[in-house]
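Student: If you scroll down you'll find the structure; I have some questions about it.
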Amino acid sequence: MKVEASLLGQDLALEVGARELDDPGPGEVLVRVEWAGICGSDLHVFRSGIWVEYWPATLGHEVAGVVEATGSEVGLSPGERVVLDSRLPCLECPECAVDPDRCARITFLGESRPGGFADYCVVPERSVHRVPDGLALEDAVLAEPLAVVLHALADIETPPDRALVIGHGPVGALVQIELRRRFEDLPVDVAEPAERRAQLARALGARTTGSAPTDGAYGLVVDAAGYEGSLKDAVAAALHGGVVLVLAIDGRPSGLSGQEIVESGVTLRGSNAFVDELPKAIELLAAEAGRYRPLVTGAVSLAELPLTIRQQLASPDEVKVLVRP
């Protein structure tokens, strides 16, 4: 079937046009996309083309929609409201034989098969999670990035004295929201130079600075920015023996020496995607969607997506922008 979709060329030019989408095969589901979120990792792909396995690519891995049709051997029915798991395990490696959540060759929706910046997408049934009654799809679409943050914060069981979030894009904002949900009285500071993002951080209860403090005052520092040198700044901001949690994707040299890590005594941790947190994210959104809704600062049509992406690459100031095909 032909669908309207965003098309990223190998030259990184982005346009909206028609693409051919296969009918769902055995164990697959055709989903009518109602909402798709623009993620910082999407911007990284739009900028670099990294991870894409086919061209032209249709990105979009944060997806909420409605089951339109199914292939054989599927336990879902047309009309069911769903959100999608962005991960696509290979189901062939030794790790998948034990647990597909631990796939060593995992890929992601949009990068290895057409994603949600389109009218429709086709996904394996294992990627589909039902949305409970009462949870609007425009709120449910936040489940995937919320699952990423739940996974990242899973080991933060005791509140630090103070926390710093560097970067208040979608992930940084969700980190702030989640830290305050778990630890109501925790002081959370946010380093964010873009005024619109900083305004949201303050509205959510943070004290903001334009750049990361480097005074070694924070028991937890989260690098959700990924600018050149942000990791070095994060370590400098942490208390001796504190935790630095790296969520941003940035391939440039950090400028951080081994000596600085040793002398700071920090625990340096990275976190990628999620494992089994998506159902919990859906549950949290169903219980109190209003807590997370302020994250969304814009919504655009599919036709408006190319201009929106160019603007965000040039000067990111929105927090979470949703696309409604």
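We label chains A, B, ... in the order they appear in the structure tokens, count residues from 1 in each chain, and number ligands from 1 in the order shown.
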Could I get the residues of range 118-183 of chain A with an atom no further than 10 Å from an atom of range 240-246 of chain A, each paired with its nearest atom pair and that distance in Å to one decimal, using only C-alpha atoms, sorted by chain and residue number, as CSV?

Tutor:
```
residue,atom,partner,partner_atom,distance
A:Ala152,CA,A:Leu245,CA,7.8
A:Leu153,CA,A:Leu245,CA,8.7
A:Ile156,CA,A:Val243,CA,9.3
A:Pro160,CA,A:Gly242,CA,8.6
A:Ala163,CA,A:Val243,CA,9.7
A:Leu164,CA,A:Val244,CA,9.6
A:Val165,CA,A:Leu245,CA,9.5
A:Ile166,CA,A:Val246,CA,9.9
```

Student: Excluding range 92-104 of chain A and any residue of its chain fewer than 2 positions from it, enumerate the residues within 12 Å of it, using only C-alpha atoms, and give them as a ChimeraX atom specification.

Tutor: /A:85-90,106-108,126-127,272-278

Student: Between A:Ala299, A:Leu307, A:Leu247, A:Ala287, which has the minimum distance to His151 in chain A (counting only C-alpha atoms)?

Tutor: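 Comparing A:Ala299, A:Leu307, A:Leu247, A:Ala287 against His151 in chain A, the winner is A:Leu247.
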
Student: Out of A:Gly270, A:Gly205, A:Pro325, A:Gly37, which residue has the shortest atom-to-atom distance to Asp223 in chain A when counting only C-alpha atoms?

Tutor: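 Checking each of A:Gly270, A:Gly205, A:Pro325, A:Gly37 against Asp223 in chain A, counting only C-alpha atoms, the winner is A:Gly270.
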
Student: What are the DSSP alpha helix (DSSP H) residues of range 44-272 of chain A, as a ChimeraX atom specification?

Tutor: /A:44-48,94-98,137-140,143-152,170-182,195-203,230-237,258-264
